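One file, model_16.txt, is given below (compact mmCIF, C-alpha atoms).
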# COMPACT_ATOMS: atom_id res chain seq x y z
CA MET N 1 56.67 -54.27 329.39
CA PHE N 2 54.02 -52.81 331.71
CA TYR N 3 51.83 -51.75 328.79
CA LYS N 4 52.13 -55.13 327.07
CA THR N 5 51.20 -56.93 330.28
CA CYS N 6 48.17 -54.68 330.75
CA ARG N 7 47.14 -55.25 327.14
CA VAL N 8 47.27 -59.05 327.51
CA ILE N 9 45.19 -58.91 330.69
CA ALA N 10 42.70 -56.51 329.07
CA TRP N 11 42.50 -58.71 325.96
CA ILE N 12 41.67 -61.80 328.03
CA ILE N 13 39.09 -60.08 330.25
CA GLY N 14 37.64 -58.14 327.32
CA HIS N 15 37.05 -61.29 325.27
CA ILE N 16 35.34 -62.95 328.24
CA ILE N 17 32.82 -60.18 328.88
CA TYR N 18 32.32 -58.72 325.36
CA ARG N 19 32.00 -59.83 321.76
CA PHE N 20 34.21 -57.72 319.50
CA GLU N 21 33.73 -56.81 315.87
CA VAL N 22 36.84 -55.05 314.63
CA THR N 23 37.55 -53.91 311.06
CA GLY N 24 40.19 -51.82 309.36
CA ARG N 25 43.20 -52.65 311.51
CA GLU N 26 45.25 -52.76 308.32
CA ASN N 27 44.76 -48.98 308.10
CA ILE N 28 47.14 -48.44 311.01
CA PRO N 29 50.64 -47.81 309.57
CA LYS N 30 53.21 -50.49 310.33
CA ASP N 31 55.81 -47.79 310.96
CA GLY N 32 55.97 -44.02 311.33
CA ALA N 33 53.82 -41.62 313.27
CA PHE N 34 50.03 -41.79 313.27
CA LEU N 35 47.07 -40.29 315.10
CA ILE N 36 44.07 -42.46 315.91
CA CYS N 37 41.11 -40.13 316.40
CA ALA N 38 38.04 -41.85 317.84
CA ASN N 39 34.69 -40.95 319.31
CA HIS N 40 34.48 -41.29 323.09
CA ILE N 41 31.41 -42.95 324.59
CA HIS N 42 32.72 -44.87 327.61
CA ALA N 43 35.62 -45.04 330.05
CA PHE N 44 36.62 -48.39 328.48
CA ASP N 45 37.27 -46.84 325.04
CA PRO N 46 41.03 -46.30 325.58
CA ILE N 47 41.42 -49.89 326.82
CA VAL N 48 39.55 -51.30 323.82
CA LEU N 49 41.60 -49.30 321.33
CA GLY N 50 44.76 -50.32 323.16
CA ILE N 51 43.84 -53.99 322.75
CA PHE N 52 43.40 -53.76 319.00
CA THR N 53 46.14 -51.30 318.05
CA LYS N 54 49.04 -53.63 317.30
CA ARG N 55 51.70 -51.00 317.83
CA ILE N 56 52.16 -49.49 321.27
CA PRO N 57 50.36 -46.12 321.22
CA ARG N 58 50.54 -43.15 323.56
CA PHE N 59 47.40 -41.57 325.03
CA MET N 60 46.46 -37.98 325.76
CA ALA N 61 44.35 -37.94 328.95
CA LYS N 62 42.73 -35.32 331.18
CA LYS N 63 45.03 -34.13 333.95
CA GLU N 64 42.48 -35.11 336.61
CA LEU N 65 43.43 -38.76 336.08
CA PHE N 66 46.96 -38.05 337.35
CA LYS N 67 46.03 -36.55 340.74
CA THR N 68 47.14 -39.35 343.06
CA ARG N 69 50.58 -40.91 343.22
CA LEU N 70 49.19 -44.34 342.26
CA SER N 71 47.06 -43.13 339.34
CA ASN N 72 49.91 -40.93 338.11
CA TRP N 73 52.27 -43.92 338.13
CA PHE N 74 49.75 -46.19 336.43
CA PHE N 75 48.68 -43.87 333.62
CA ARG N 76 52.19 -42.69 332.83
CA ASN N 77 53.44 -46.28 332.66
CA TYR N 78 50.45 -47.12 330.45
CA GLY N 79 51.67 -44.49 328.00
CA ALA N 80 49.35 -41.64 328.89
CA TYR N 81 50.29 -38.04 329.54
CA PRO N 82 48.15 -35.21 330.95
CA ILE N 83 46.43 -32.33 329.23
CA ASP N 84 44.70 -29.43 330.94
CA ARG N 85 41.30 -29.26 329.23
CA GLN N 86 40.51 -25.93 330.90
CA ALA N 87 43.56 -24.16 329.53
CA ALA N 88 43.24 -22.25 326.26
CA ALA N 89 46.50 -23.86 325.15
CA ASP N 90 48.40 -26.45 327.19
CA MET N 91 51.85 -25.96 325.70
CA THR N 92 53.43 -28.76 327.72
CA ALA N 93 50.93 -31.25 326.30
CA PHE N 94 51.40 -29.73 322.83
CA ARG N 95 55.18 -30.19 322.95
CA THR N 96 54.84 -33.73 324.31
CA THR N 97 52.47 -34.60 321.47
CA MET N 98 54.77 -33.20 318.82
CA ASP N 99 57.78 -35.01 320.32
CA ILE N 100 55.85 -38.31 320.20
CA LEU N 101 54.94 -37.82 316.55
CA LYS N 102 58.42 -36.63 315.55
CA SER N 103 59.86 -39.79 317.08
CA GLY N 104 57.61 -41.86 314.80
CA ASP N 105 55.26 -43.17 317.46
CA GLY N 106 51.47 -43.43 317.41
CA LEU N 107 48.95 -41.53 319.48
CA ILE N 108 45.31 -42.10 320.41
CA ILE N 109 43.22 -38.96 320.84
CA PHE N 110 39.57 -38.54 321.78
CA SER N 111 38.86 -35.16 320.23
CA GLN N 112 35.57 -34.64 322.04
CA GLY N 113 37.60 -33.99 325.17
CA THR N 114 35.12 -35.94 327.26
CA ARG N 115 32.57 -38.71 326.85
CA MET N 116 29.58 -37.65 324.76
CA LYS N 117 27.26 -39.16 322.17
CA ASP N 118 27.86 -36.77 319.28
CA PHE N 119 31.19 -36.13 317.56
CA ASP N 120 30.08 -32.89 315.87
CA ASN N 121 31.71 -30.67 318.50
CA ALA N 122 35.07 -32.44 318.45
CA LYS N 123 38.03 -30.17 319.19
CA SER N 124 40.44 -29.42 316.36
CA GLY N 125 43.73 -30.26 318.09
CA VAL N 126 44.14 -33.53 316.19
CA ALA N 127 44.06 -31.62 312.88
CA VAL N 128 46.70 -29.17 314.12
CA PHE N 129 48.98 -32.01 315.26
CA ALA N 130 48.57 -33.83 311.95
CA LEU N 131 49.23 -30.74 309.84
CA LYS N 132 52.30 -29.74 311.85
CA SER N 133 53.80 -33.23 311.97
CA GLY N 134 52.62 -34.66 308.66
CA ALA N 135 51.28 -37.74 310.46
CA PRO N 136 48.13 -39.35 309.04
CA ILE N 137 44.91 -39.37 311.02
CA ILE N 138 43.20 -42.75 311.36
CA PRO N 139 39.50 -41.93 311.97
CA THR N 140 38.00 -44.57 314.23
CA GLY N 141 34.42 -45.28 315.19
CA ILE N 142 33.36 -47.09 318.36
CA ARG N 143 29.81 -48.31 318.75
CA ALA N 144 28.86 -50.14 321.95
CA SER N 145 26.57 -50.20 324.96
CA TYR N 146 29.30 -51.93 327.02
CA LYS N 147 26.63 -54.05 328.66
CA LEU N 148 27.86 -57.44 329.83
CA PHE N 149 28.34 -59.88 326.91
CA SER N 150 27.21 -57.28 324.36
CA LYS N 151 28.96 -56.60 321.05
CA VAL N 152 31.58 -53.86 320.81
CA HIS N 153 32.16 -52.53 317.30
CA VAL N 154 35.50 -50.88 316.49
CA HIS N 155 36.07 -49.62 312.95
CA TYR N 156 39.40 -48.08 311.90
CA GLY N 157 38.85 -45.97 308.79
CA GLU N 158 41.11 -45.19 305.87
CA PRO N 159 43.93 -42.77 306.77
CA ILE N 160 43.41 -39.07 306.20
CA THR N 161 46.84 -38.07 304.94
CA MET N 162 48.41 -34.62 305.08
CA ASP N 163 50.37 -34.96 301.82
CA GLU N 164 48.20 -32.51 299.87
CA TYR N 165 48.69 -29.85 302.55
CA ALA N 166 52.49 -30.12 302.77
CA GLY N 167 54.09 -26.68 302.82
CA GLU N 168 50.86 -24.84 303.60
CA LYS N 169 50.64 -22.62 306.67
CA VAL N 170 48.54 -24.06 309.44
CA LYS N 171 45.75 -21.49 309.44
CA THR N 172 42.23 -21.69 310.83
CA GLU N 173 40.66 -22.39 307.44
CA LEU N 174 42.99 -25.33 306.78
CA VAL N 175 42.50 -26.77 310.27
CA GLU N 176 38.72 -26.56 309.82
CA LYS N 177 38.97 -28.25 306.41
CA VAL N 178 40.91 -31.21 307.83
CA MET N 179 38.70 -31.41 310.91
CA SER N 180 35.59 -31.49 308.74
CA LYS N 181 36.97 -34.62 307.05
CA VAL N 182 37.76 -36.19 310.42
CA ILE N 183 34.32 -35.44 311.88
CA GLY N 184 32.55 -36.80 308.82
CA SER N 185 34.60 -39.99 308.79
CA VAL N 186 34.42 -40.74 312.53
CA THR N 187 30.68 -40.02 312.59
CA LYS N 188 30.10 -42.42 309.70
CA LEU N 189 32.28 -45.15 311.22
CA ALA N 190 30.53 -44.89 314.59
CA ALA N 191 27.01 -44.82 313.17
CA GLU N 192 24.51 -47.63 313.40
CA PRO N 193 24.50 -49.67 310.17
CA SER N 194 21.65 -48.74 307.86

Represent the structure contained in this file as C-alpha cells.
Amino acid sequence: MFYKTCRVIAWIIGHIIYRFEVTGRENIPKDGAFLICANHIHAFDPIVLGIFTKRIPRFMAKKELFKTRLSNWFFRNYGAYPIDRQAAADMTAFRTTMDILKSGDGLIIFSQGTRMKDFDNAKSGVAVFALKSGAPIIPTGIRASYKLFSKVHVHYGEPITMDEYAGEKVKTELVEKVMSKVIGSVTKLAAEPS
C-alpha cells in the first residue's frame, strides 16, 4: 500500500515537472522473476523506473541510505534493501536478492553502483543473479537532464534470457559473456538517437 501510494504521488508530480517518453514496457514479464538493469545518471532514476514498472519491484540500494531511523523506515517500506558497496561480497544482500527472485518478484538494479555517465564499468552482479536464478534481464536505458519541464526518455529493451545457459556452471567467463550483452544493450538504449 505504501509503495502504491508513493508511486501515484510520484506519477502526478513527475508528469507535472517532466515530459516522459517511455518505450518497451511490454518487455517486462507479466509474471515471474525479472531483473531490470538500468544506467544510473540521477537520484530520480529509481523513482522514474518505479513509476513505469507496472509490477511492484524491489530495489537494491547503498547501505548509506538506511542510516537514520526515518530513512531506514522509508526505503524499506518502498521496497529497497541495503547493500554494502565496499564489501567484496555482501552475502546478506546476495541472499535477499536470490530470495526475491526465487519468489517470482522483480528487482531493479543499477549495476554501475553509483551515478555516472558511462555504463562500461558496470558491475557484474546482475549477470550472476540472472544466471543463478534463471530470471531474464531487462536492459533499460535512461536519458535525461532532469531539468525542469525537460524530456525524460526511458527505454526498456528486449529481455536477455538465461535459457541457453541453463545447466552451465556460473564461471567468470560466462558471467562476462552475459554482462557484455547487458552493457551493450543498456549503452545502446541510453544513447542519444543518431

Skipping near chain neighbours, those fewer than 3 positions away, what residues fall within 6 Å of Ala127 (chain N) using all atoms listed in the file, listed as a PDB file with C-alpha atoms, in the coordinates of the input?
ATOM      1  CA  SER N 124      40.440 -29.420 316.360  1.00  0.00           C
ATOM      2  CA  ALA N 130      48.570 -33.830 311.950  1.00  0.00           C
ATOM      3  CA  VAL N 175      42.500 -26.770 310.270  1.00  0.00           C
ATOM      4  CA  VAL N 178      40.910 -31.210 307.830  1.00  0.00           C
ATOM      5  CA  MET N 179      38.700 -31.410 310.910  1.00  0.00           C
TER       6      MET N 179
END

Skipping near chain neighbours, those fewer than 2 positions away, what residues fall within 7 Å of region 136-146 of chain N using all atoms listed in the file, listed as a PDB file with C-alpha atoms, in the frame of the given file?
ATOM      1  CA  ILE N  28      47.140 -48.440 311.010  1.00  0.00           C
ATOM      2  CA  PHE N  34      50.030 -41.790 313.270  1.00  0.00           C
ATOM      3  CA  LEU N  35      47.070 -40.290 315.100  1.00  0.00           C
ATOM      4  CA  ILE N  36      44.070 -42.460 315.910  1.00  0.00           C
ATOM      5  CA  CYS N  37      41.110 -40.130 316.400  1.00  0.00           C
ATOM      6  CA  ALA N  38      38.040 -41.850 317.840  1.00  0.00           C
ATOM      7  CA  ASN N  39      34.690 -40.950 319.310  1.00  0.00           C
ATOM      8  CA  ALA N 130      48.570 -33.830 311.950  1.00  0.00           C
ATOM      9  CA  GLY N 134      52.620 -34.660 308.660  1.00  0.00           C
ATOM     10  CA  LEU N 148      27.860 -57.440 329.830  1.00  0.00           C
ATOM     11  CA  SER N 150      27.210 -57.280 324.360  1.00  0.00           C
ATOM     12  CA  LYS N 151      28.960 -56.600 321.050  1.00  0.00           C
ATOM     13  CA  VAL N 152      31.580 -53.860 320.810  1.00  0.00           C
ATOM     14  CA  HIS N 153      32.160 -52.530 317.300  1.00  0.00           C
ATOM     15  CA  VAL N 154      35.500 -50.880 316.490  1.00  0.00           C
ATOM     16  CA  HIS N 155      36.070 -49.620 312.950  1.00  0.00           C
ATOM     17  CA  TYR N 156      39.400 -48.080 311.900  1.00  0.00           C
ATOM     18  CA  GLY N 157      38.850 -45.970 308.790  1.00  0.00           C
ATOM     19  CA  GLU N 158      41.110 -45.190 305.870  1.00  0.00           C
ATOM     20  CA  PRO N 159      43.930 -42.770 306.770  1.00  0.00           C
ATOM     21  CA  ILE N 160      43.410 -39.070 306.200  1.00  0.00           C
ATOM     22  CA  THR N 161      46.840 -38.070 304.940  1.00  0.00           C
ATOM     23  CA  MET N 162      48.410 -34.620 305.080  1.00  0.00           C
ATOM     24  CA  VAL N 182      37.760 -36.190 310.420  1.00  0.00           C
ATOM     25  CA  SER N 185      34.600 -39.990 308.790  1.00  0.00           C
ATOM     26  CA  VAL N 186      34.420 -40.740 312.530  1.00  0.00           C
ATOM     27  CA  THR N 187      30.680 -40.020 312.590  1.00  0.00           C
ATOM     28  CA  LEU N 189      32.280 -45.150 311.220  1.00  0.00           C
ATOM     29  CA  ALA N 190      30.530 -44.890 314.590  1.00  0.00           C
TER      30      ALA N 190
END

Pull the neighbourhood of (38.0, -39.7, 322.1) for me: all residues within 10 Å in file coordinates, counting only C-alpha atoms, as a CSV table (one decimal) with C-alpha atoms, in the coordinates of the input.
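Contents of out_36.csv, freshly written:
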chain,number,residue,atom,x,y,z
N,36,ILE,CA,44.1,-42.5,315.9
N,37,CYS,CA,41.1,-40.1,316.4
N,38,ALA,CA,38.0,-41.8,317.8
N,39,ASN,CA,34.7,-41.0,319.3
N,40,HIS,CA,34.5,-41.3,323.1
N,41,ILE,CA,31.4,-43.0,324.6
N,42,HIS,CA,32.7,-44.9,327.6
N,43,ALA,CA,35.6,-45.0,330.0
N,45,ASP,CA,37.3,-46.8,325.0
N,46,PRO,CA,41.0,-46.3,325.6
N,60,MET,CA,46.5,-38.0,325.8
N,61,ALA,CA,44.4,-37.9,329.0
N,108,ILE,CA,45.3,-42.1,320.4
N,109,ILE,CA,43.2,-39.0,320.8
N,110,PHE,CA,39.6,-38.5,321.8
N,111,SER,CA,38.9,-35.2,320.2
N,112,GLN,CA,35.6,-34.6,322.0
N,113,GLY,CA,37.6,-34.0,325.2
N,114,THR,CA,35.1,-35.9,327.3
N,115,ARG,CA,32.6,-38.7,326.8
N,116,MET,CA,29.6,-37.6,324.8
N,119,PHE,CA,31.2,-36.1,317.6
N,122,ALA,CA,35.1,-32.4,318.4
N,123,LYS,CA,38.0,-30.2,319.2
N,140,THR,CA,38.0,-44.6,314.2
N,141,GLY,CA,34.4,-45.3,315.2
N,142,ILE,CA,33.4,-47.1,318.4

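When the distance limit is 10 Å and only C-alpha atoms are what count, the residues near Gly14 (chain N), minus those fewer than 3 positions from it on the same chain, are Arg7, Val8, Ile9, Ala10, Trp11, Ile17, Tyr18, Arg19, Phe20, Phe44, Ile47, Val48, Ile51, Phe149 and Val152 of chain N.
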
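Each of N:Phe59, N:Thr53, N:Glu64, N:Cys6 was compared to Gly24 (chain N) using all atoms listed in the file, and N:Thr53 turns out to be the nearest.
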
Q.
Report, in Å with one decimal, the straight-line distance from CA of Ile13 (chain N) to CA of Lys54 (chain N).
A.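 For CA of Ile13 (chain N) relative to CA of Lys54 (chain N), the distance reads 17.6 Å.
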
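For the pair CA of Phe2 (chain N) and CA of Phe52 (chain N), the separation is 16.6 Å.
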
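Closest approach to Asp31 (chain N) from the set N:Lys169, N:Ile12, N:Glu164, N:Gly104 is made by N:Gly104, with distances taken over all atoms listed in the file.
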
Q. In Å, how far is it from CA of Leu131 (chain N) to CA of Phe75 (chain N)?
A.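 Going from CA of Leu131 (chain N) over to CA of Phe75 (chain N), I get 27.2 Å.
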
Please produce region 119-132 of chain N, completed to N, CA and C atoms, as a compact mmCIF listing (two decimals), in the coordinates of the input.
# COMPACT_ATOMS: atom_id res chain seq x y z
N PHE N 119 29.81 -36.48 317.87
CA PHE N 119 31.19 -36.13 317.56
C PHE N 119 31.28 -34.77 316.87
N ASP N 120 30.13 -34.14 316.63
CA ASP N 120 30.08 -32.89 315.87
C ASP N 120 30.91 -31.76 316.48
N ASN N 121 31.00 -31.76 317.82
CA ASN N 121 31.71 -30.67 318.50
C ASN N 121 33.14 -31.06 318.89
N ALA N 122 33.71 -32.00 318.16
CA ALA N 122 35.07 -32.44 318.45
C ALA N 122 36.05 -31.27 318.31
N LYS N 123 37.03 -31.24 319.21
CA LYS N 123 38.03 -30.17 319.19
C LYS N 123 39.04 -30.42 318.08
N SER N 124 39.63 -29.35 317.58
CA SER N 124 40.44 -29.42 316.36
C SER N 124 41.92 -29.72 316.58
N GLY N 125 42.31 -30.02 317.81
CA GLY N 125 43.73 -30.26 318.09
C GLY N 125 44.35 -31.34 317.23
N VAL N 126 43.60 -32.42 316.97
CA VAL N 126 44.14 -33.53 316.19
C VAL N 126 44.53 -33.07 314.78
N ALA N 127 43.75 -32.15 314.21
CA ALA N 127 44.06 -31.62 312.88
C ALA N 127 45.33 -30.79 312.92
N VAL N 128 45.49 -30.00 313.97
CA VAL N 128 46.70 -29.17 314.12
C VAL N 128 47.93 -30.07 314.24
N PHE N 129 47.85 -31.10 315.08
CA PHE N 129 48.98 -32.01 315.26
C PHE N 129 49.34 -32.71 313.95
N ALA N 130 48.33 -33.13 313.21
CA ALA N 130 48.57 -33.83 311.95
C ALA N 130 49.22 -32.90 310.92
N LEU N 131 48.70 -31.70 310.81
CA LEU N 131 49.23 -30.74 309.84
C LEU N 131 50.67 -30.34 310.17
N LYS N 132 50.96 -30.16 311.45
CA LYS N 132 52.30 -29.74 311.85
C LYS N 132 53.33 -30.87 311.77
